[in-house]
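Below is work_26.csv, which holds CSV, C-alpha atoms.
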chain,number,residue,atom,x,y,z
G,219,MET,CA,0.0,0.0,0.0
G,220,ASN,CA,3.0,2.2,0.4
G,221,SER,CA,3.0,2.8,-3.4
G,222,VAL,CA,-0.4,4.6,-3.1
G,223,HIS,CA,-0.1,8.3,-2.8
G,224,VAL,CA,-1.5,9.7,0.4
G,225,GLU,CA,-3.7,12.0,-1.6
G,226,GLU,CA,-5.6,9.0,-2.9
G,227,LEU,CA,-6.4,7.9,0.6
G,228,LEU,CA,-8.0,11.2,1.6
G,229,ALA,CA,-11.5,10.3,0.5
G,230,ALA,CA,-11.4,7.1,2.5
G,231,HIS,CA,-9.9,9.0,5.5
G,232,ALA,CA,-12.6,11.6,5.2
G,233,ARG,CA,-15.1,8.8,5.8
G,234,GLY,CA,-13.1,7.4,8.7
G,235,GLU,CA,-12.5,4.1,6.8
G,236,LEU,CA,-8.7,3.9,7.3
G,237,GLU,CA,-7.2,1.9,10.1
G,238,GLY,CA,-3.8,1.1,11.5
G,239,ALA,CA,-0.7,1.9,9.4
G,240,GLU,CA,-2.7,3.5,6.6
G,241,ARG,CA,-4.4,5.9,9.0
G,242,ALA,CA,-1.2,6.7,10.8
G,243,ARG,CA,0.5,7.3,7.4
G,244,VAL,CA,-2.2,9.7,6.3
G,245,GLU,CA,-2.3,11.6,9.6
G,246,GLY,CA,1.5,11.9,9.7
G,247,HIS,CA,1.4,13.4,6.2
G,248,LEU,CA,-1.5,15.8,7.1
G,249,ASP,CA,0.6,17.2,9.9
G,250,GLY,CA,3.0,18.6,7.5
G,251,CYS,CA,0.9,19.3,4.3
G,252,ALA,CA,-1.5,22.2,4.3
G,253,ALA,CA,-2.7,21.4,0.8
G,254,CYS,CA,-3.8,17.9,1.8
G,255,ARG,CA,-5.5,19.3,4.9
G,256,GLU,CA,-7.5,21.7,2.6
G,257,THR,CA,-8.4,18.8,0.3
G,258,LEU,CA,-9.5,16.7,3.2
G,259,ALA,CA,-11.8,19.5,4.5
G,260,ALA,CA,-13.2,20.0,1.0
G,261,PHE,CA,-13.9,16.3,0.6
G,262,ARG,CA,-15.6,16.2,4.0
G,263,GLY,CA,-17.8,19.1,2.9
G,264,LEU,CA,-18.7,17.4,-0.3
G,265,ILE,CA,-19.5,14.1,1.3
G,266,GLU,CA,-21.7,15.8,3.9
G,267,GLU,CA,-23.6,17.7,1.2
G,268,LEU,CA,-24.0,14.7,-1.1
G,269,GLY,CA,-25.4,12.7,1.8
G,270,ALA,CA,-27.7,15.4,3.1
G,271,ALA,CA,-31.4,15.3,2.3
G,272,GLY,CA,-31.8,17.3,-0.9
G,273,PRO,CA,-32.9,16.8,-4.4
G,274,PRO,CA,-33.2,13.1,-5.4
G,275,ALA,CA,-29.9,11.7,-6.5
G,276,PRO,CA,-29.5,11.2,-10.2
G,277,PRO,CA,-29.9,7.5,-11.2
G,278,ILE,CA,-26.9,5.3,-11.6
G,279,HIS,CA,-26.7,4.7,-15.3
G,280,TRP,CA,-26.2,0.9,-15.2
G,281,GLY,CA,-26.4,0.7,-19.0
G,282,ALA,CA,-23.5,3.1,-19.4
G,283,TYR,CA,-21.7,1.4,-16.6
G,284,ARG,CA,-22.0,-2.0,-18.3
G,285,ALA,CA,-21.0,-0.5,-21.6
G,286,GLU,CA,-17.8,0.8,-19.9
G,287,LEU,CA,-17.1,-2.6,-18.5
G,288,ARG,CA,-17.7,-4.3,-21.8
G,289,GLU,CA,-15.3,-1.8,-23.5
G,290,LYS,CA,-12.7,-2.6,-20.9
G,291,LEU,CA,-13.2,-6.3,-21.4
G,292,GLU,CA,-12.8,-6.0,-25.1
G,293,ARG,CA,-9.7,-3.9,-24.8
G,294,ARG,CA,-8.2,-6.4,-22.4
G,295,THR,CA,-8.9,-9.4,-24.6
G,296,ALA,CA,-8.2,-7.9,-28.0
G,297,PRO,CA,-4.3,-8.4,-28.0
G,298,ARG,CA,-4.8,-12.1,-27.3
G,299,SER,CA,-7.3,-12.5,-30.0
G,300,THR,CA,-4.9,-11.4,-32.7
G,301,ALA,CA,-2.2,-13.8,-31.5
G,302,TRP,CA,-3.9,-17.1,-31.7
G,303,THR,CA,-7.4,-16.8,-32.9
G,304,ALA,CA,-5.9,-16.1,-36.3
G,305,VAL,CA,-4.5,-19.6,-36.1
G,306,TRP,CA,-7.6,-21.1,-34.7
G,307,ARG,CA,-10.2,-19.1,-36.6
G,308,PRO,CA,-11.3,-22.2,-38.7
G,309,ALA,CA,-11.8,-24.1,-35.4
G,310,PRO,CA,-15.4,-23.1,-34.6
G,311,ALA,CA,-16.6,-24.0,-38.1
G,312,LEU,CA,-14.7,-27.3,-38.1
G,313,VAL,CA,-16.1,-28.3,-34.7
G,314,ALA,CA,-19.6,-27.3,-35.8
G,315,VAL,CA,-19.2,-29.4,-39.0
G,316,GLY,CA,-17.9,-32.3,-36.9
G,317,LEU,CA,-20.8,-32.2,-34.5
G,318,LEU,CA,-23.4,-31.9,-37.3
G,319,ALA,CA,-21.8,-34.9,-39.0
G,320,GLY,CA,-22.0,-36.7,-35.7
G,321,LEU,CA,-25.7,-35.8,-35.4
G,322,VAL,CA,-26.4,-37.1,-38.9
G,323,TYR,CA,-24.5,-40.2,-38.3
G,324,VAL,CA,-26.1,-41.0,-35.0
G,325,GLY,CA,-29.5,-40.1,-36.4
G,326,LEU,CA,-29.3,-42.4,-39.4
G,327,PRO,CA,-31.0,-45.8,-39.2
G,328,GLY,CA,-28.4,-48.2,-38.0
G,329,GLY,CA,-25.9,-45.4,-37.5
G,330,GLY,CA,-23.7,-44.9,-34.4
G,331,ARG,CA,-22.6,-47.7,-32.2
G,332,GLY,CA,-24.8,-50.4,-30.9
G,333,SER,CA,-25.1,-48.8,-27.5
G,334,LEU,CA,-26.9,-45.7,-29.0
G,335,THR,CA,-30.2,-47.3,-29.7
G,336,GLY,CA,-33.8,-46.7,-28.8
G,337,ASP,CA,-34.5,-43.7,-26.6
G,338,ARG,CA,-30.9,-42.7,-26.2
G,339,ILE,CA,-30.5,-41.4,-29.8
G,340,PRO,CA,-32.8,-38.4,-29.4
G,341,PHE,CA,-31.3,-37.7,-26.0
G,342,GLU,CA,-27.7,-37.6,-27.5
G,343,ASN,CA,-28.9,-35.4,-30.3
G,344,LEU,CA,-30.4,-33.0,-27.8
G,345,ILE,CA,-27.2,-32.7,-25.9
G,346,LEU,CA,-25.2,-32.1,-29.1
G,347,ALA,CA,-27.7,-29.6,-30.5
G,348,SER,CA,-27.7,-27.7,-27.2
G,349,ARG,CA,-24.0,-27.0,-27.6
G,350,LEU,CA,-24.3,-25.5,-31.0
G,351,ASP,CA,-25.2,-22.1,-29.6
G,352,MET,CA,-22.0,-21.9,-27.6
G,353,ILE,CA,-20.0,-23.0,-30.6
G,354,ALA,CA,-21.6,-20.2,-32.6
G,355,LYS,CA,-20.1,-17.8,-30.1
G,356,LEU,CA,-16.8,-19.7,-29.7
G,357,ASP,CA,-14.8,-16.8,-31.0
G,358,VAL,CA,-16.0,-14.8,-28.0
G,359,VAL,CA,-15.5,-17.6,-25.5
G,360,GLN,CA,-12.0,-18.2,-26.8
G,361,GLN,CA,-11.0,-14.6,-25.7
G,362,LEU,CA,-12.2,-15.0,-22.1
G,363,ASP,CA,-10.4,-16.1,-19.0
G,364,VAL,CA,-12.7,-19.0,-18.0
G,365,VAL,CA,-12.7,-18.4,-14.3
G,366,GLU,CA,-12.5,-14.6,-14.2
G,367,ASP,CA,-15.1,-14.1,-16.9
G,368,PHE,CA,-17.4,-17.0,-16.1
G,369,ASP,CA,-20.2,-14.6,-15.4
G,370,VAL,CA,-19.7,-13.1,-18.9
G,371,ILE,CA,-19.9,-16.5,-20.5
G,372,ASN,CA,-23.1,-17.2,-18.7
G,373,HIS,CA,-24.6,-13.9,-20.0
G,374,LEU,CA,-23.3,-14.0,-23.6
G,375,ASP,CA,-26.7,-13.0,-24.8
G,376,ARG,CA,-26.6,-9.9,-22.7
G,377,LEU,CA,-23.0,-9.2,-23.8
G,378,SER,CA,-24.0,-9.1,-27.5
G,379,THR,CA,-27.2,-7.1,-27.1
G,380,GLY,CA,-26.2,-4.7,-24.3
G,381,GLU,CA,-29.1,-5.7,-22.2
G,382,GLY,CA,-29.3,-7.0,-18.7
W,25,MET,CA,-30.9,20.5,-9.4
W,26,THR,CA,-28.0,22.1,-7.6
W,27,ARG,CA,-24.6,22.7,-9.2
W,28,LEU,CA,-23.3,19.8,-7.1
W,29,TRP,CA,-25.7,17.3,-8.5
W,30,SER,CA,-25.2,18.6,-12.0
W,31,ALA,CA,-21.5,18.0,-11.5
W,32,VAL,CA,-22.2,14.4,-10.2
W,33,GLU,CA,-24.2,13.8,-13.4
W,34,GLN,CA,-21.1,14.6,-15.5
W,35,LEU,CA,-18.9,12.1,-13.7
W,36,SER,CA,-17.9,8.9,-15.5
W,37,PRO,CA,-20.4,6.1,-15.0
W,38,GLN,CA,-18.0,4.2,-12.6
W,39,GLN,CA,-17.2,7.4,-10.6
W,40,ARG,CA,-20.8,8.4,-10.4
W,41,ALA,CA,-21.9,4.9,-9.3
W,42,ALA,CA,-19.2,4.8,-6.6
W,43,VAL,CA,-20.1,8.3,-5.3
W,44,LEU,CA,-23.9,7.5,-5.2
W,45,LEU,CA,-23.4,4.2,-3.5
W,46,GLN,CA,-21.2,5.8,-0.9
W,47,CYS,CA,-23.2,9.0,-0.2
W,48,LYS,CA,-26.8,8.0,-0.9
W,49,GLU,CA,-26.7,4.3,-0.1
W,50,GLY,CA,-24.2,4.6,2.8
W,51,LEU,CA,-22.0,1.8,1.5
W,52,ALA,CA,-18.4,1.4,2.7
W,53,THR,CA,-15.6,1.2,0.1
W,54,LYS,CA,-15.4,-2.5,0.6
W,55,GLU,CA,-19.1,-2.9,-0.1
W,56,ILE,CA,-19.0,-0.7,-3.1
W,57,ALA,CA,-16.1,-2.9,-4.4
W,58,VAL,CA,-18.4,-6.0,-4.2
W,59,VAL,CA,-21.3,-4.3,-5.8
W,60,LEU,CA,-19.3,-2.9,-8.7
W,61,SER,CA,-17.0,-6.0,-9.0
W,62,LEU,CA,-13.9,-3.9,-8.6
W,63,SER,CA,-11.0,-4.0,-6.2
W,64,GLU,CA,-11.1,-1.8,-3.1
W,65,ALA,CA,-8.1,0.1,-4.4
W,66,THR,CA,-9.9,0.9,-7.6
W,67,VAL,CA,-12.9,2.1,-5.8
W,68,ARG,CA,-10.7,4.4,-3.7
W,69,VAL,CA,-9.2,5.8,-6.8
W,70,HIS,CA,-12.7,6.4,-8.3
W,71,LEU,CA,-13.9,8.1,-5.2
W,72,HIS,CA,-10.8,10.2,-4.9
W,73,ARG,CA,-11.0,11.3,-8.5
W,74,ALA,CA,-14.7,11.9,-8.3
W,75,LEU,CA,-14.4,14.1,-5.2
W,76,ALA,CA,-11.4,16.0,-6.8
W,77,THR,CA,-13.5,16.6,-9.9
W,78,LEU,CA,-16.5,17.8,-7.9
W,79,ARG,CA,-14.3,20.1,-5.9
W,80,LYS,CA,-12.8,21.6,-9.0
W,81,ARG,CA,-16.2,22.1,-10.7
W,82,VAL,CA,-18.3,23.4,-7.8
W,83,GLY,CA,-15.6,24.9,-5.5
W,84,ASP,CA,-15.0,24.1,-1.9
W,85,LYS,CA,-18.4,25.3,-1.0
W,86,ALA,CA,-20.9,23.7,-3.3

In structure tokens, write the structure found in this file.
Amino acid sequence: MNSVHVEELLAAHARGELEGAERARVEGHLDGCAACRETLAAFRGLIEELGAAGPPAPPIHWGAYRAELREKLERRTAPRSTAWTAVWRPAPALVAVGLLAGLVYVGLPGGGRGSLTGDRIPFENLILASRLDMIAKLDVVQQLDVVEDFDVINHLDRLSTGEG
Amino acid sequence: MTRLWSAVEQLSPQQRAAVLLQCKEGLATKEIAVVLSLSEATVRVHLHRALATLRKRVGDKA
């Protein structure tokens, strides 16, 4: 935390949120810095006024907020996409073709292995078909860190339409 | 609407969200970080920059 400039801690200090070493560091700095004392007093005044009863607060523009996050995500994933999606670009189409071929093969009379008979054939087809949507967006999925962006993957429909 | 709220409207979406969650909803920095899916350090920077911008735009006495 030592790399953080004391000035950036003033807003948190104005709210009394700092503890221990951070608080001591800020207070030590304030003793010898009139400019930061003025900033702290100004921040306290602003926080008090913003929290006071007054006109209704403007709404938080969640749409704009999400757009900002999406833009950030795209910026972060863009460099990786040029590196290896160029190599793997045919992959989604190839996988889709392979799955479709599998569907046709399993669906043909007598197709597939002996174990895929009776009621299991439609069930297998259903599972394969349900994955086609994800494959259609594989180019997006490839650019995401699976754990960090799991939420994004779960809401791909919102990502593409800007809803949610 | 006062000059202060007009200035709040002009903040970036993340800064505005952080300010409103803190001042109107009474959330602590740690809670704002959870709501906005940001680190505490990032929320602190947003709040600091937001207050610095508001101070610049409306003066020390809003």

Notebook entry, point to check: Which polymer residues have any atom within 12 Å of an atom of Gln38 in chain W, counting only C-alpha atoms, with same-chain residues fewer than 2 positions away left out, as a PyMOL selection string?
Noted result: (chain G and resi 278-287+290) or (chain W and resi 32-36+40-45+56-57+59-62+66-71+73-74)

All residues 10 Å or closer to range 245-251 of chain G, all atoms listed in the file, same chain fewer than 3 positions away omitted, as a JSON list (two decimals) with C-alpha atoms, in the coordinates of the input:
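Contents of selection.json, freshly written:
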[["chain", "number", "residue", "atom", "x", "y", "z"],
["G", 224, "VAL", "CA", -1.50, 9.70, 0.40],
["G", 225, "GLU", "CA", -3.70, 12.00, -1.60],
["G", 228, "LEU", "CA", -8.00, 11.20, 1.60],
["G", 231, "HIS", "CA", -9.90, 9.00, 5.50],
["G", 239, "ALA", "CA", -0.70, 1.90, 9.40],
["G", 240, "GLU", "CA", -2.70, 3.50, 6.60],
["G", 241, "ARG", "CA", -4.40, 5.90, 9.00],
["G", 242, "ALA", "CA", -1.20, 6.70, 10.80],
["G", 254, "CYS", "CA", -3.80, 17.90, 1.80],
["G", 255, "ARG", "CA", -5.50, 19.30, 4.90],
["G", 256, "GLU", "CA", -7.50, 21.70, 2.60],
["G", 258, "LEU", "CA", -9.50, 16.70, 3.20]]

Margin query: I need the contact residues of chain W against chain G, so if you could list those with any atom within 6 Å, counting all atoms listed in the file, and return them as a list in words, that would help.
Written below: Pro37, Ala41, Cys47, Lys48, His72 and Asp84 of chain W

Next item on the list: Find the distance between CA of Ala65 in chain W and CA of Thr53 in chain W and write it in Å to one decimal.
Entry: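 Separating CA of Ala65 in chain W from CA of Thr53 in chain W is a distance of 8.8 Å.
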
Next item on the list: Rounded to one decimal place, report the CA of Arg79 in chain W-CA of Gln46 in chain W distance in Å.
Entry: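 Rounded to one decimal, the two atoms are 16.6 Å apart.
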
Check: What separation in Å, quoted to one decimal, exists between CA of Lys54 in chain W and CA of Leu236 in chain G?
Finding: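 Spanning CA of Lys54 in chain W to CA of Leu236 in chain G is a straight-line distance of 11.4 Å.
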